[in-house]
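Heads up, structure-v2.tsv below (TSV, C-alpha atoms):
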```
chain	number	residue	atom	x	y	z
A	1	MET	CA	-13.13	141.13	-109.59
A	2	SER	CA	-11.06	138.04	-108.79
A	3	ARG	CA	-8.82	138.68	-111.81
A	4	ARG	CA	-8.23	142.27	-110.70
A	5	LEU	CA	-7.32	141.16	-107.20
A	6	PHE	CA	-4.98	138.54	-108.65
A	7	ARG	CA	-3.24	141.14	-110.85
A	8	ALA	CA	-2.96	143.56	-107.94
A	9	SER	CA	-1.40	140.85	-105.80
A	10	LEU	CA	1.15	140.07	-108.50
A	11	LEU	CA	1.96	143.79	-108.79
A	12	LEU	CA	2.50	144.08	-105.03
A	13	LEU	CA	4.76	141.04	-105.06
A	14	ALA	CA	6.78	142.54	-107.88
A	15	LEU	CA	7.14	145.87	-106.10
A	16	ALA	CA	7.92	144.38	-102.67
A	17	PRO	CA	11.71	144.26	-103.21
A	18	LEU	CA	11.68	147.88	-104.39
A	19	MET	CA	9.63	149.01	-101.42
A	20	ALA	CA	12.23	147.43	-99.16
A	21	ALA	CA	14.91	149.86	-100.36
A	22	PRO	CA	16.45	151.76	-97.40
A	23	ALA	CA	15.51	155.40	-96.79
A	24	ASP	CA	19.18	156.38	-96.50
A	25	ALA	CA	20.25	155.26	-99.93
A	26	ARG	CA	23.23	157.56	-100.52
A	27	PRO	CA	26.78	156.13	-100.63
A	28	GLY	CA	27.21	154.08	-97.49
A	29	GLY	CA	23.47	153.70	-96.96
A	30	GLY	CA	23.51	155.63	-93.69
A	31	ARG	CA	25.82	153.09	-92.02
A	32	SER	CA	29.29	153.28	-90.47
A	33	MET	CA	31.80	151.37	-92.57
A	34	GLY	CA	35.42	151.29	-93.59
A	35	SER	CA	38.75	151.44	-91.81
A	36	ARG	CA	40.67	154.13	-89.93
A	37	GLY	CA	43.92	152.29	-89.37
A	38	SER	CA	44.62	151.56	-85.72
A	39	ARG	CA	41.76	153.90	-84.73
A	40	THR	CA	39.02	152.04	-86.58
A	41	TYR	CA	37.26	151.07	-83.38
A	42	SER	CA	38.00	154.24	-81.42
A	43	PRO	CA	35.49	157.12	-81.60
A	44	PRO	CA	36.80	160.20	-83.42
A	45	PRO	CA	36.84	163.39	-81.31
A	46	MET	CA	33.62	165.39	-81.47
A	47	THR	CA	33.60	168.70	-83.35
A	48	GLN	CA	31.37	171.74	-83.79
A	49	THR	CA	29.96	170.23	-86.99
A	50	ALA	CA	29.50	166.78	-85.40
A	51	PRO	CA	28.91	167.51	-81.68
A	52	TYR	CA	27.84	163.95	-80.84
A	53	GLN	CA	29.81	160.74	-80.72
A	54	ALA	CA	30.14	158.82	-83.97
A	55	ARG	CA	28.48	155.44	-84.24
A	56	PRO	CA	30.84	152.44	-84.09
A	57	MET	CA	31.91	150.72	-87.29
A	58	GLU	CA	29.31	148.24	-88.50
A	59	ARG	CA	31.48	146.88	-91.32
A	60	SER	CA	35.25	146.92	-91.57
A	61	TYR	CA	38.11	144.81	-92.86
A	62	ALA	CA	40.16	145.87	-89.84
A	63	PRO	CA	40.37	143.22	-87.10
A	64	PRO	CA	38.23	144.28	-84.13
A	65	SER	CA	39.97	145.61	-81.05
A	66	SER	CA	38.73	144.63	-77.62
A	67	PRO	CA	37.56	146.63	-75.82
A	68	SER	CA	36.60	149.52	-78.08
A	69	PRO	CA	37.85	152.54	-76.12
A	70	GLY	CA	35.33	155.32	-75.69
A	71	TYR	CA	32.28	153.62	-77.20
A	72	SER	CA	31.34	151.90	-73.95
A	73	ASN	CA	31.33	155.15	-71.93
A	74	PRO	CA	27.66	155.92	-71.02
A	75	MET	CA	28.64	159.30	-69.58
A	76	GLN	CA	29.78	160.71	-72.93
A	77	ARG	CA	28.36	164.23	-73.16
A	78	PRO	CA	27.51	166.27	-76.27
A	79	MET	CA	30.19	168.75	-77.26
A	80	GLY	CA	29.55	172.21	-75.82
A	81	GLN	CA	27.58	171.02	-72.80
A	82	PRO	CA	29.43	172.36	-69.73
A	83	TYR	CA	30.66	170.18	-66.93
A	84	GLY	CA	29.36	170.71	-63.42
A	85	PHE	CA	31.45	172.44	-60.78
A	86	ALA	CA	32.51	169.14	-59.26
A	87	GLN	CA	33.85	167.96	-62.63
A	88	ARG	CA	35.55	171.24	-63.46
A	89	ARG	CA	37.09	171.74	-59.97
A	90	PRO	CA	37.57	168.29	-58.45
A	91	PHE	CA	40.33	169.47	-56.10
A	92	MET	CA	38.27	172.39	-54.75
A	93	THR	CA	35.25	170.14	-54.33
A	94	GLY	CA	37.24	167.61	-52.35
A	95	PHE	CA	38.90	170.32	-50.25
A	96	VAL	CA	35.64	172.04	-49.26
A	97	GLY	CA	33.96	168.68	-48.78
A	98	GLY	CA	36.72	167.67	-46.43
A	99	LEU	CA	36.26	170.82	-44.34
A	100	LEU	CA	32.51	170.35	-44.13
A	101	GLY	CA	32.98	166.68	-43.34
A	102	ALA	CA	35.36	167.52	-40.50
A	103	GLY	CA	32.86	170.05	-39.10
A	104	LEU	CA	29.98	167.64	-39.27
A	105	PHE	CA	32.12	164.95	-37.68
A	106	GLY	CA	32.86	167.37	-34.84
A	107	MET	CA	29.15	167.99	-34.29
A	108	LEU	CA	28.37	164.27	-34.32
A	109	SER	CA	31.19	163.53	-31.88
A	110	GLY	CA	29.98	166.16	-29.40
A	111	HIS	CA	32.70	168.81	-29.88
A	112	GLY	CA	30.57	171.25	-31.88
A	113	PHE	CA	31.04	172.44	-35.43
A	114	LEU	CA	33.89	174.79	-34.36
A	115	GLY	CA	34.99	172.90	-31.31
A	116	GLY	CA	38.57	172.44	-32.48
A	117	VAL	CA	39.18	176.03	-33.66
A	118	GLY	CA	39.76	177.66	-30.33
A	119	GLY	CA	37.34	180.57	-30.35
A	120	PHE	CA	35.89	183.16	-32.71
A	121	VAL	CA	39.19	184.95	-33.40
A	122	SER	CA	40.89	181.73	-34.38
A	123	PHE	CA	37.92	180.91	-36.57
A	124	ILE	CA	38.28	184.23	-38.46
A	125	GLY	CA	41.97	183.49	-38.97
A	126	LEU	CA	41.11	180.04	-40.29
A	127	LEU	CA	38.62	181.52	-42.74
A	128	PHE	CA	41.27	183.94	-43.98
A	129	GLN	CA	43.72	181.10	-44.54
A	130	ILE	CA	41.09	179.06	-46.37
A	131	ALA	CA	40.23	182.04	-48.57
A	132	LEU	CA	43.91	182.62	-49.37
A	133	ILE	CA	44.49	178.96	-50.22
A	134	GLY	CA	41.31	178.90	-52.36
A	135	PHE	CA	42.44	182.04	-54.22
A	136	ILE	CA	45.82	180.49	-54.98
A	137	ILE	CA	44.18	177.26	-56.20
A	138	VAL	CA	41.77	179.16	-58.47
A	139	MET	CA	44.63	181.21	-59.97
A	140	VAL	CA	46.69	178.07	-60.63
A	141	LEU	CA	43.73	176.30	-62.27
A	142	ARG	CA	42.98	179.36	-64.38
A	143	TRP	CA	46.61	179.56	-65.48
A	144	LEU	CA	46.58	175.89	-66.46
A	145	GLY	CA	43.30	176.39	-68.35
A	146	ASN	CA	44.75	179.32	-70.29
A	147	ARG	CA	47.73	177.21	-71.26
A	148	ARG	CA	45.48	174.44	-72.57
A	149	SER	CA	43.31	176.85	-74.55
A	150	GLY	CA	46.38	178.56	-75.94
A	151	ASN	CA	47.67	175.24	-77.22
A	152	GLY	CA	44.30	174.25	-78.74
A	153	GLN	CA	44.03	173.68	-82.44
A	154	SER	CA	41.58	175.21	-84.86
A	155	SER	CA	39.48	172.59	-86.65
A	156	GLY	CA	37.60	174.42	-89.35
A	157	ILE	CA	37.74	173.34	-92.98
A	158	GLY	CA	39.53	176.12	-94.79
A	159	ALA	CA	42.08	176.67	-92.03
A	160	ARG	CA	45.14	178.76	-92.67
A	161	PRO	CA	47.77	177.10	-94.88
A	162	GLY	CA	50.47	175.36	-92.89
A	163	GLN	CA	48.41	175.19	-89.70
A	164	ALA	CA	49.39	172.15	-87.63
A	165	PHE	CA	46.83	169.79	-86.12
A	166	SER	CA	48.21	167.64	-83.35
A	167	SER	CA	46.93	164.10	-83.05
A	168	ASN	CA	46.84	161.97	-79.91
A	169	ALA	CA	49.76	161.88	-77.52
A	170	GLY	CA	52.77	160.04	-78.82
A	171	ALA	CA	51.91	160.47	-82.51
A	172	PRO	CA	53.63	163.03	-84.75
A	173	SER	CA	51.78	166.22	-85.64
A	174	VAL	CA	50.18	166.43	-89.09
A	175	THR	CA	50.05	169.61	-91.11
A	176	LEU	CA	47.01	170.12	-93.32
A	177	SER	CA	46.59	172.99	-95.74
A	178	ASN	CA	43.64	174.70	-97.39
A	179	ALA	CA	44.33	172.55	-100.45
A	180	ASP	CA	43.76	169.42	-98.37
A	181	TYR	CA	40.40	170.67	-97.08
A	182	GLN	CA	39.35	171.69	-100.58
A	183	THR	CA	40.27	168.18	-101.74
A	184	PHE	CA	38.08	166.64	-99.01
A	185	GLN	CA	35.16	168.84	-100.03
A	186	GLN	CA	35.62	168.05	-103.72
A	187	LEU	CA	35.84	164.32	-103.02
A	188	LEU	CA	32.51	164.52	-101.21
A	189	LEU	CA	30.89	165.98	-104.33
A	190	ASP	CA	32.72	163.76	-106.84
A	191	ILE	CA	31.99	160.51	-104.99
A	192	GLN	CA	28.29	161.37	-104.82
A	193	ALA	CA	28.28	162.12	-108.58
A	194	ALA	CA	30.11	158.87	-109.45
A	195	TRP	CA	27.70	156.96	-107.24
A	196	SER	CA	24.66	158.33	-109.06
A	197	ALA	CA	26.26	157.55	-112.42
A	198	GLN	CA	27.15	154.03	-111.18
A	199	ASN	CA	30.69	154.75	-112.35
A	200	MET	CA	32.73	152.13	-110.49
A	201	ARG	CA	35.95	153.12	-112.27
A	202	ALA	CA	35.65	156.67	-110.96
A	203	LEU	CA	34.79	155.42	-107.47
A	204	ALA	CA	37.85	153.14	-107.53
A	205	SER	CA	40.07	156.17	-108.10
A	206	MET	CA	38.61	158.07	-105.12
A	207	ALA	CA	38.22	155.39	-102.44
A	208	THR	CA	40.07	152.46	-100.95
A	209	PRO	CA	39.38	148.97	-102.34
A	210	GLU	CA	37.44	148.22	-99.16
A	211	MET	CA	35.05	151.17	-99.63
A	212	VAL	CA	34.73	150.39	-103.34
A	213	SER	CA	33.66	146.84	-102.48
A	214	TYR	CA	30.93	148.19	-100.19
A	215	PHE	CA	29.73	150.63	-102.86
A	216	ASN	CA	29.73	147.88	-105.49
A	217	GLU	CA	27.76	145.58	-103.20
A	218	GLN	CA	25.22	148.31	-102.48
A	219	LEU	CA	24.75	149.19	-106.15
A	220	ALA	CA	24.45	145.50	-107.08
A	221	ASP	CA	21.72	145.12	-104.48
A	222	TYR	CA	19.78	147.95	-106.10
A	223	ALA	CA	20.27	146.43	-109.52
A	224	SER	CA	18.91	143.10	-108.28
A	225	ARG	CA	15.79	144.92	-107.13
A	226	GLY	CA	15.39	146.68	-110.47
A	227	ALA	CA	16.03	149.97	-108.66
A	228	ARG	CA	18.51	152.81	-108.87
A	229	ASN	CA	19.55	155.43	-106.36
A	230	ILE	CA	20.28	158.96	-107.52
A	231	VAL	CA	21.64	161.76	-105.37
A	232	SER	CA	21.64	165.22	-106.91
A	233	ASP	CA	22.39	168.87	-106.19
A	234	VAL	CA	24.79	168.02	-103.36
A	235	GLN	CA	25.66	171.20	-101.46
A	236	PHE	CA	28.43	171.38	-98.88
A	237	ILE	CA	27.32	173.32	-95.77
A	238	SER	CA	30.14	173.14	-93.21
A	239	GLY	CA	32.94	170.96	-91.96
A	240	ASP	CA	35.84	170.74	-89.56
A	241	LEU	CA	38.68	168.45	-88.66
A	242	SER	CA	38.14	165.77	-86.05
A	243	GLU	CA	41.66	164.33	-86.01
A	244	ALA	CA	44.67	163.77	-88.25
A	245	TRP	CA	47.52	161.37	-87.60
A	246	ARG	CA	50.26	159.32	-89.25
A	247	GLU	CA	50.84	155.57	-89.23
A	248	GLY	CA	53.98	154.47	-90.99
A	249	ASN	CA	53.92	155.97	-94.46
A	250	LEU	CA	50.15	156.59	-94.35
A	251	THR	CA	48.48	159.82	-93.25
A	252	TYR	CA	44.87	159.76	-92.03
A	253	ALA	CA	42.43	162.64	-91.61
A	254	THR	CA	38.90	162.32	-90.23
A	255	VAL	CA	36.69	165.26	-91.18
A	256	ALA	CA	33.15	166.05	-90.05
A	257	MET	CA	31.09	167.27	-93.00
A	258	LYS	CA	27.55	168.59	-93.13
A	259	TYR	CA	25.85	168.70	-96.51
A	260	SER	CA	22.43	168.63	-98.14
A	261	LEU	CA	21.16	166.73	-101.17
A	262	TYR	CA	18.19	165.18	-102.94
A	263	ASP	CA	18.19	161.42	-102.35
A	264	VAL	CA	15.80	159.51	-104.61
A	265	THR	CA	15.41	155.83	-105.43
A	266	THR	CA	13.54	154.97	-108.62
A	267	ASP	CA	12.41	151.82	-110.37
A	268	GLN	CA	13.56	150.80	-113.85
A	269	PHE	CA	10.92	153.07	-115.38
A	270	GLY	CA	12.04	156.15	-113.45
A	271	ASN	CA	9.16	156.13	-110.96
A	272	VAL	CA	10.10	157.34	-107.48
A	273	ILE	CA	9.75	154.56	-104.93
A	274	ASP	CA	11.66	156.21	-102.09
A	275	GLY	CA	12.91	159.68	-101.23
A	276	SER	CA	11.76	163.00	-102.67
A	277	LYS	CA	12.73	165.16	-105.61
A	278	THR	CA	11.49	168.29	-103.83
A	279	GLU	CA	12.59	167.86	-100.20
A	280	ARG	CA	16.29	168.19	-99.43
A	281	GLN	CA	17.96	165.96	-96.86
A	282	VAL	CA	20.58	167.38	-94.50
A	283	VAL	CA	23.29	164.89	-93.57
A	284	THR	CA	26.20	165.06	-91.11
A	285	GLU	CA	28.84	162.37	-91.43
A	286	LEU	CA	32.47	161.74	-90.53
A	287	TRP	CA	34.58	160.89	-93.56
A	288	THR	CA	38.09	159.52	-93.11
A	289	PHE	CA	40.64	160.03	-95.88
A	290	VAL	CA	44.04	158.41	-96.27
A	291	ARG	CA	47.04	158.96	-98.49
A	292	ALA	CA	50.53	157.58	-98.92
A	293	ASP	CA	53.04	160.27	-98.02
A	294	GLY	CA	54.81	161.83	-100.96
A	295	ARG	CA	53.24	159.72	-103.69
A	296	GLY	CA	49.51	159.39	-103.27
A	297	ASN	CA	46.29	161.34	-103.42
A	298	TRP	CA	43.70	161.50	-100.69
A	299	VAL	CA	41.13	158.71	-100.98
A	300	LEU	CA	38.09	157.85	-98.88
A	301	SER	CA	38.68	155.04	-96.37
A	302	ALA	CA	35.65	155.24	-94.03
A	303	ILE	CA	32.25	156.84	-93.49
A	304	GLN	CA	30.75	157.09	-90.02
A	305	GLN	CA	27.32	158.26	-88.93
A	306	VAL	CA	26.89	160.71	-86.05
A	307	GLY	CA	24.66	160.22	-83.03
```

Would you write out, as C-alpha cells, the structure that this file holds?
Amino acid sequence: MSRRLFRASLLLLALAPLMAAPADARPGGGRSMGSRGSRTYSPPPMTQTAPYQARPMERSYAPPSSPSPGYSNPMQRPMGQPYGFAQRRPFMTGFVGGLLGAGLFGMLSGHGFLGGVGGFVSFIGLLFQIALIGFIIVMVLRWLGNRRSGNGQSSGIGARPGQAFSSNAGAPSVTLSNADYQTFQQLLLDIQAAWSAQNMRALASMATPEMVSYFNEQLADYASRGARNIVSDVQFISGDLSEAWREGNLTYATVAMKYSLYDVTTDQFGNVIDGSKTERQVVTELWTFVRADGRGNWVLSAIQQVG
C-alpha cells in the first residue's frame, strides 16, 4: 500500500505542471498584449461584435501613457444601452429644471408658484411660449442627430469596396476594402493553424516581432511542461471594424472578431489535460493589424480581450 501511495504521489508531482496549464490556451492565452501605436493604452471603440470595452494591455513594448484615457471611466456603458433623457437632452433638462426651480423658489419665498406671472391669461401665454421654444429646441436637436447619423460609418467586415472609415478627429481617413477584411479573416485562421503546428517561421511572417516573441514564449512554456496546445476547426462567425487610422507610413486597423474553435491541451502522449475535443469555445477578441503603406502586408500587432 505504501509503495502504491508513493508511486501515486510521484505521478501527481509529475502531472502538476501540466495541470497548471491555462484554460485559455489559444494564441495570446486569453490576455491583452501587443501594441497599437499611439493608441496602445486607449480603449478601442466598441462595436456590435464587441459591445463591451476591451481590457487594457497587460503586455506591450510600447511605453505606457499616463493616464490611460477611457479605461478609468467607471460610467462606461455597454454599446446599445440607451442613455437616459437627462443625458440625451441636457439642455432641455436644464431648461425645465430651471423653470421648476424658479417656481419652487417663488413658493418658498411667499410669492406663490405663479406669483410673478401676472394672472391666468399671462400664464397661458407663458406656457405657449415655453411650448414654442421647446418645439424649436427639439427640432434643432433632431436635425443635429440626423446629421451625425448620416455621417456615421458602417463597420461590418465585408463592407463595400472603397468605403471610407474615419478615425479620430485630426487623423486622416483610412479606406479599407473587402480584400482587407478578407485578409484579416484569413490571418485569424492561418495564425491559429501555425500556432497549432508550432510553426514559428509562419507566425513570423504574419505577426510583428513583438507578437512573435509572446507566441514563442507561450509555446516554450508549454514545451517545458511537456504539453502542447492544439486549436482546431476554427470557424469565423462575425466581425466589424472598431477603428482604422494612420501614423506616419503605418496604417493600423483594429477589428472585432467572433469565432469558435476546439481548444485542447495535451501531454506528450496525446492525453487531454485541459480543454475538450467535443465542446466548442466561442471567443470574441479585438485584433489589431498594421502594414507599411505601399510596400507591406497586413500583420498582427495586438490581441485584446473584451469585457

Q. Mind pulling up the distance from CA of Val231 (chain A) to CA of Ala193 (chain A)?
A.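 We find that CA of Ala193 (chain A) and CA of Val231 (chain A) lie 7.4 Å from each other.
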
Q | Residue nearest Ile237 (chain A) - candidates A:Asp267, A:Glu285, A:Asp190, A:Asp293, atoms counted: all atoms listed in the file | A | A:Glu285

Q. Given the choices A:Ile273, A:Ala302, A:Val264, A:Ala256, which gets closest to Glu210 (chain A) if the distance is worked out from only C-alpha atoms?
A.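 Going through A:Ile273, A:Ala302, A:Val264, A:Ala256 one by one, the smallest distance to Glu210 (chain A) is for A:Ala302.
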
Q: May I ask for the distance between CA of Arg26 (chain A) and CA of Pro64 (chain A), given in Å to one decimal place?
A: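 Those two atoms sit 25.9 Å apart.
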
Q: Would you work out the distance separating CA of Gln268 (chain A) from CA of Arg225 (chain A), expressed in Å to one decimal?
A: 9.2 Å

**Q.** Nearest to Asn178 (chain A) by atom-to-atom distance, counting only C-alpha atoms, from A:Val290, A:Leu261, A:Met46, A:Leu241
**A.**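 Closest to Asn178 (chain A), using only C-alpha atoms: A:Leu241.
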
Nearby residues (all atoms listed in the file) at most 12 Å from Pro209 (chain A), same-chain spacing under 4 positions excluded, as a CSV table (one decimal) with C-alpha atoms, keeping the file's coordinate frame:
```csv
chain,number,residue,atom,x,y,z
A,34,GLY,CA,35.4,151.3,-93.6
A,35,SER,CA,38.8,151.4,-91.8
A,60,SER,CA,35.2,146.9,-91.6
A,61,TYR,CA,38.1,144.8,-92.9
A,200,MET,CA,32.7,152.1,-110.5
A,201,ARG,CA,36.0,153.1,-112.3
A,203,LEU,CA,34.8,155.4,-107.5
A,204,ALA,CA,37.8,153.1,-107.5
A,205,SER,CA,40.1,156.2,-108.1
A,213,SER,CA,33.7,146.8,-102.5
A,214,TYR,CA,30.9,148.2,-100.2
A,215,PHE,CA,29.7,150.6,-102.9
A,216,ASN,CA,29.7,147.9,-105.5
A,299,VAL,CA,41.1,158.7,-101.0
A,300,LEU,CA,38.1,157.8,-98.9
A,301,SER,CA,38.7,155.0,-96.4
A,302,ALA,CA,35.6,155.2,-94.0
```

Can you tell me which residues surround Gln198 (chain A) at a distance of at most 12 Å, considering all atoms listed in the file, apart from same-chain residues fewer than 6 positions away, and format the answer as a compact mmCIF listing (two decimals) with C-alpha atoms, in the coordinates of the input?
```txt
# COMPACT_ATOMS: atom_id res chain seq x y z
CA ARG A 26 23.23 157.56 -100.52
CA PRO A 27 26.78 156.13 -100.63
CA ILE A 191 31.99 160.51 -104.99
CA GLN A 192 28.29 161.37 -104.82
CA ALA A 204 37.85 153.14 -107.53
CA VAL A 212 34.73 150.39 -103.34
CA PHE A 215 29.73 150.63 -102.86
CA ASN A 216 29.73 147.88 -105.49
CA GLU A 217 27.76 145.58 -103.20
CA GLN A 218 25.22 148.31 -102.48
CA LEU A 219 24.75 149.19 -106.15
CA ALA A 220 24.45 145.50 -107.08
CA TYR A 222 19.78 147.95 -106.10
CA ALA A 223 20.27 146.43 -109.52
CA ARG A 228 18.51 152.81 -108.87
CA ASN A 229 19.55 155.43 -106.36
CA ILE A 230 20.28 158.96 -107.52
CA VAL A 231 21.64 161.76 -105.37
```
